[in-house]
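Q: Below you'll find protein07.txt; it's compact mmCIF, C-alpha atoms.
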```
# COMPACT_ATOMS: atom_id res chain seq x y z
CA MET A 134 108.29 107.86 123.60
CA LYS A 135 108.02 104.54 121.86
CA ASP A 136 107.17 104.60 118.19
CA VAL A 137 103.69 103.42 117.30
CA ILE A 138 105.31 101.07 114.87
CA SER A 139 108.88 99.90 114.70
CA PHE A 140 110.78 98.00 112.04
CA GLU A 141 113.60 95.53 112.18
CA ILE A 142 115.71 94.39 109.26
CA GLU A 143 117.58 91.15 108.91
CA GLU A 144 119.65 90.87 105.75
CA LYS A 145 120.16 87.44 104.24
CA GLU A 146 122.04 86.48 101.10
CA LYS A 147 119.12 86.78 98.70
CA TYR A 148 116.45 88.63 100.63
CA ILE A 149 115.76 90.95 103.48
CA ILE A 150 113.39 90.09 106.28
CA LEU A 151 111.48 93.16 107.31
CA SER A 152 109.66 92.61 110.58
CA PHE A 153 107.34 95.18 112.06
CA TYR A 154 106.07 95.56 115.57
CA ILE A 155 103.03 97.54 116.59
CA ASN A 156 103.05 99.14 120.00
CA GLU A 157 99.47 100.35 120.30
CA ASN A 158 96.21 100.30 118.46
CA LEU A 159 96.87 101.58 115.00
CA THR A 160 94.56 103.79 113.00
CA PRO A 161 94.97 104.31 109.24
CA SER A 162 96.23 107.88 109.74
CA ILE A 163 99.56 106.29 110.69
CA LEU A 164 100.06 105.73 106.96
CA LYS A 165 100.53 109.49 106.60
CA ARG A 166 103.57 109.51 108.82
CA ILE A 167 105.41 106.22 108.70
CA TYR A 168 108.61 105.86 106.78
CA PRO A 169 109.55 102.22 106.31
CA PRO A 170 113.29 101.64 106.25
CA LYS A 171 115.29 102.02 103.07
CA ILE A 172 116.74 98.71 102.02
CA ASN A 173 119.13 97.18 99.53
CA THR A 174 116.84 97.09 96.50
CA ARG A 175 118.83 94.33 94.84
CA LYS A 176 117.31 91.82 97.21
CA GLY A 177 113.81 90.51 97.69
CA VAL A 178 111.76 91.42 100.75
CA VAL A 179 109.94 89.14 103.18
CA LEU A 180 107.34 90.99 105.24
CA ASN A 181 106.68 89.69 108.73
CA GLY A 182 104.42 91.01 111.44
CA ARG A 183 101.02 91.03 113.03
CA GLY A 184 98.98 93.88 111.71
CA PRO A 185 95.96 94.94 109.71
CA ILE A 186 95.74 94.13 106.02
CA TRP A 187 95.81 97.82 105.11
CA LEU A 188 99.22 98.13 106.80
CA TYR A 189 100.48 95.18 104.79
CA GLY A 190 98.99 96.77 101.68
CA PHE A 191 100.90 99.97 102.32
CA LEU A 192 104.18 98.08 102.82
CA ILE A 193 103.60 95.91 99.76
CA HIS A 194 103.21 99.02 97.67
CA PHE A 195 106.20 100.65 99.32
CA TYR A 196 108.52 97.77 98.40
CA HIS A 197 106.97 96.81 95.09
CA SER A 198 110.06 97.62 93.03
CA THR A 199 112.25 95.06 94.79
CA PRO A 200 113.14 91.83 92.90
CA PHE A 201 110.47 89.89 94.74
CA LEU A 202 108.10 90.27 97.64
CA ALA A 203 106.89 87.60 100.04
CA ILE A 204 104.57 87.46 103.02
CA TYR A 205 105.69 85.39 105.95
CA ASP A 206 103.03 83.02 107.22
CA PRO A 207 104.16 81.05 110.28
CA ARG A 208 102.34 77.93 109.06
CA LEU A 209 103.78 78.00 105.56
CA GLY A 210 106.98 80.00 105.23
CA ALA A 211 107.38 83.05 103.02
CA VAL A 212 104.77 83.07 100.25
CA ILE A 213 105.89 84.87 97.09
CA ILE A 214 103.23 87.33 95.95
CA GLU A 215 105.11 89.13 93.21
CA SER A 216 108.41 88.58 91.45
CA HIS A 217 110.47 90.24 88.78
CA ILE A 218 112.99 87.41 88.62
CA PRO A 219 112.55 84.15 86.70
CA GLU A 220 113.48 81.80 89.55
CA LEU A 221 110.47 82.72 91.67
CA LYS A 222 106.80 82.96 90.84
CA PRO A 223 103.78 84.02 92.86
CA GLY A 224 102.63 81.06 94.91
CA ASP A 225 106.14 79.72 95.44
CA ILE A 226 107.23 79.37 99.04
CA LEU A 227 110.58 80.10 100.63
CA ASP A 228 111.01 77.52 103.32
CA ILE A 229 112.11 79.77 106.14
CA TYR A 230 111.14 79.83 109.76
CA LEU A 231 111.21 82.94 111.90
CA ASP A 232 111.13 82.23 115.59
CA LYS A 233 110.35 85.83 116.41
CA GLU A 234 107.04 86.69 114.86
CA GLY A 235 106.51 90.38 114.27
CA MET B 65 82.63 72.27 90.25
CA LYS B 66 82.75 75.41 92.31
CA ASP B 67 85.78 77.60 91.87
CA VAL B 68 88.19 77.65 94.79
CA ILE B 69 87.91 81.41 94.72
CA SER B 70 85.30 83.56 93.09
CA PHE B 71 85.18 87.27 92.45
CA GLU B 72 82.35 89.74 92.29
CA ILE B 73 82.55 93.26 90.90
CA GLU B 74 80.38 96.19 91.80
CA GLU B 75 81.09 99.31 89.79
CA LYS B 76 80.51 102.68 91.43
CA GLU B 77 81.04 106.15 90.02
CA LYS B 78 84.65 106.54 91.18
CA TYR B 79 85.73 103.07 92.16
CA ILE B 80 85.13 99.39 91.75
CA ILE B 81 84.44 97.11 94.66
CA LEU B 82 86.12 93.79 94.09
CA SER B 83 84.87 91.18 96.54
CA PHE B 84 86.31 87.72 96.72
CA TYR B 85 84.91 84.57 98.21
CA ILE B 86 86.89 81.51 99.15
CA ASN B 87 85.18 78.17 98.90
CA GLU B 88 87.72 75.89 100.54
CA ASN B 89 91.05 75.99 102.30
CA LEU B 90 93.43 77.84 100.07
CA THR B 91 97.07 77.02 99.57
CA PRO B 92 99.53 79.44 97.96
CA SER B 93 99.71 77.36 94.77
CA ILE B 94 96.34 78.91 93.88
CA LEU B 95 98.32 82.04 92.96
CA LYS B 96 99.65 80.16 89.94
CA ARG B 97 96.21 79.73 88.47
CA ILE B 98 93.89 82.53 89.48
CA TYR B 99 93.02 85.27 87.08
CA PRO B 100 91.39 88.19 88.85
CA PRO B 101 88.81 89.98 86.72
CA LYS B 102 89.80 92.69 84.29
CA ILE B 103 88.36 96.00 85.35
CA ASN B 104 87.95 99.55 84.15
CA THR B 105 91.42 100.87 84.97
CA ARG B 106 90.22 104.46 85.13
CA LYS B 107 88.67 103.78 88.51
CA GLY B 108 90.10 102.97 91.89
CA VAL B 109 89.70 99.53 93.42
CA VAL B 110 88.38 98.58 96.84
CA LEU B 111 89.35 95.04 97.84
CA ASN B 112 86.94 93.18 100.09
CA GLY B 113 87.07 89.66 101.41
CA ARG B 114 88.18 87.26 104.10
CA GLY B 115 91.43 85.67 103.16
CA PRO B 116 95.11 85.29 103.92
CA ILE B 117 97.43 88.26 103.67
CA TRP B 118 99.36 86.62 100.82
CA LEU B 119 96.16 86.52 98.76
CA TYR B 120 95.62 90.22 99.45
CA GLY B 121 99.23 90.85 98.53
CA PHE B 122 98.78 89.14 95.20
CA LEU B 123 95.64 91.15 94.44
CA ILE B 124 97.25 94.41 95.55
CA HIS B 125 100.07 93.81 93.10
CA PHE B 126 97.65 92.75 90.37
CA TYR B 127 95.70 96.01 90.58
CA HIS B 128 98.56 98.34 91.46
CA SER B 129 98.28 100.43 88.29
CA THR B 130 94.74 101.60 89.05
CA PRO B 131 94.26 105.23 90.18
CA PHE B 132 94.00 104.17 93.81
CA LEU B 133 93.70 101.05 95.87
CA ALA B 134 91.87 100.58 99.16
CA ILE B 135 91.32 97.72 101.59
CA TYR B 136 87.85 97.37 103.03
CA ASP B 137 87.81 97.00 106.79
CA PRO B 138 84.29 96.50 108.19
CA ARG B 139 85.12 98.59 111.25
CA LEU B 140 86.59 101.53 109.34
CA GLY B 141 85.51 101.69 105.72
CA ALA B 142 87.87 101.52 102.77
CA VAL B 143 91.41 102.44 103.79
CA ILE B 144 93.50 103.94 100.98
CA ILE B 145 96.87 102.21 100.76
CA GLU B 146 98.18 103.71 97.54
CA SER B 147 97.05 106.50 95.26
CA HIS B 148 98.15 108.10 92.04
CA ILE B 149 95.57 110.88 92.26
CA PRO B 150 95.94 114.07 94.31
CA GLU B 151 92.56 113.88 96.07
CA LEU B 152 93.40 110.73 97.98
CA LYS B 153 96.40 109.81 100.07
CA PRO B 154 97.38 106.62 101.89
CA GLY B 155 95.63 106.59 105.25
CA ASP B 156 92.52 108.37 103.95
CA ILE B 157 89.27 106.48 104.40
CA LEU B 158 86.34 106.18 102.04
CA ASP B 159 83.28 106.06 104.23
CA ILE B 160 81.53 103.14 102.66
CA TYR B 161 79.72 100.21 104.18
CA LEU B 162 79.41 96.82 102.56
CA ASP B 163 76.71 94.67 104.06
CA LYS B 164 77.99 91.59 102.31
CA GLU B 165 81.47 90.92 103.50
CA GLY B 166 83.56 88.82 101.14
```
As C-alpha cells, what does this structure read like?

A:
Amino acid sequence: MKDVISFEIEEKEKYIILSFYINENLTPSILKRIYPPKINTRKGVVLNGRGPIWLYGFLIHFYHSTPFLAIYDPRLGAVIIESHIPELKPGDILDIYLDKEG
Amino acid sequence: MKDVISFEIEEKEKYIILSFYINENLTPSILKRIYPPKINTRKGVVLNGRGPIWLYGFLIHFYHSTPFLAIYDPRLGAVIIESHIPELKPGDILDIYLDKEG
C-alpha cells in the first residue's frame, strides 16, 4: 500500500530540502500518524510540496528547532520564514530552483 | 496610505482568531517589516486569511509559544497544527465557521 504522504530528502551543504508528496486526498487526522523524517539538525530546512496550509503548519512546527526554515515557492525560490543564525533573516530568499515540485 | 497587510483580532473564550488581509501583491521582503499584533498568550490562536504559505509560516513561528495554534480552512474548521495543552492534539478540528474569510 502506498503511503498517504511520502517524504524525500536532499541534503545540500547548508540546508536540507524536504519534499513531500501526497498520494490521495488528505484529511487533518493524518497529522495524528505521520512521522516526518529525522534530519541533520545542524542544517536549515527548505520545505517543498503541494499541500494544505495546515500540513505546512505541522511541518513548520516539527522542524522549528533547525537553524533556519524556508518555504519553497516556485516563482521566488526558498523564502526564509524563521532563522536562528545571523546570516539569514525572515524575508530573505535562497535563490534555488527545484525542477521536481513536491 | 493603506497598509500592505492588516490584521484583525477577535477574542473568544479559549482562543483568538487572527485574520489577516492583504491589500496588494506581497513580496517576501514584507517579512522584514510586519509586526503582527500582540495577543493574550494564555489563549490559542486561529490563523485565518488568504495568503502565501511563507506568510503563514512566518505567522506560525511568531505565535508558536501560544497554548495551541490552528489554521482556519473554510471547508473544515480550524485545524490544530501544534498544541501544548492535553485537550487538543495536532489533527483535531475546532468546529468553527468564519463568515468573513481573511

Q: Which residue gives the smallest distance to Leu180 in chain A among A:Asp232, A:Asp225, A:Asp136, A:Glu141, with only C-alpha atoms counted?

A: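 Closest candidate: A:Glu141.
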
Q: In Å, how far is it from CA of Lys165 in chain A to CA of Tyr127 in chain B?

A: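 Calculated distance between CA of Lys165 in chain A and CA of Tyr127 in chain B is 21.5 Å.
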
Q: With a distance threshold of 6 Å and counting only C-alpha atoms, extract the residues of chain B near chain A and express them as a list of chain:residue names.

A: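 That gives the following set of residues: B:Pro92, B:Ser93, B:Leu95, B:Lys96, B:Trp118, B:Gly121, B:Phe122, B:Ile135, B:Ile145, B:Pro154, B:Gly155.
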
Q: Quick one, how far is CA of Ile69 in chain B from CA of Arg114 in chain B?

A: 11.1 Å

Q: Using CA of Gly141 in chain B and CA of Glu157 in chain A as the two end points, give the distance in Å to one decimal.

A: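 Straight-line distance from CA of Gly141 in chain B to CA of Glu157 in chain A works out to 20.2 Å.
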
Q: From the options A:Val137, A:Glu144, A:Pro200, A:Val178, which residue's atoms come nearest to Leu159 in chain A, counting all atoms listed in the file?

A: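 Answer, going by the shortest atom-to-atom distance: A:Val137.
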
Q: Using all atoms of range 159-177 of chain A listed in the file and a margin of 6 Å per side, can you give the axis-aligned box centre and edge lengths in Å to one decimal, as AutoDock Vina command-line options?

A:
```
--center_x 106.8 --center_y 100.0 --center_z 104.9 --size_x 36.6 --size_y 31.0 --size_z 32.2
```

Q: For Glu143 in chain A, which residue among A:Pro170, A:Arg208, A:His217, A:Asp228 is the nearest when counting only C-alpha atoms?

A: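 Of the candidates, the smallest distance to Glu143 in chain A is held by A:Pro170.
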
Q: When distances are computed from all atoms listed in the file, which of A:Pro207, A:Thr199, A:Pro169, A:Leu231 shows the smallest separation from Ile150 in chain A?

A: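 Nearest to Ile150 in chain A: A:Leu231.
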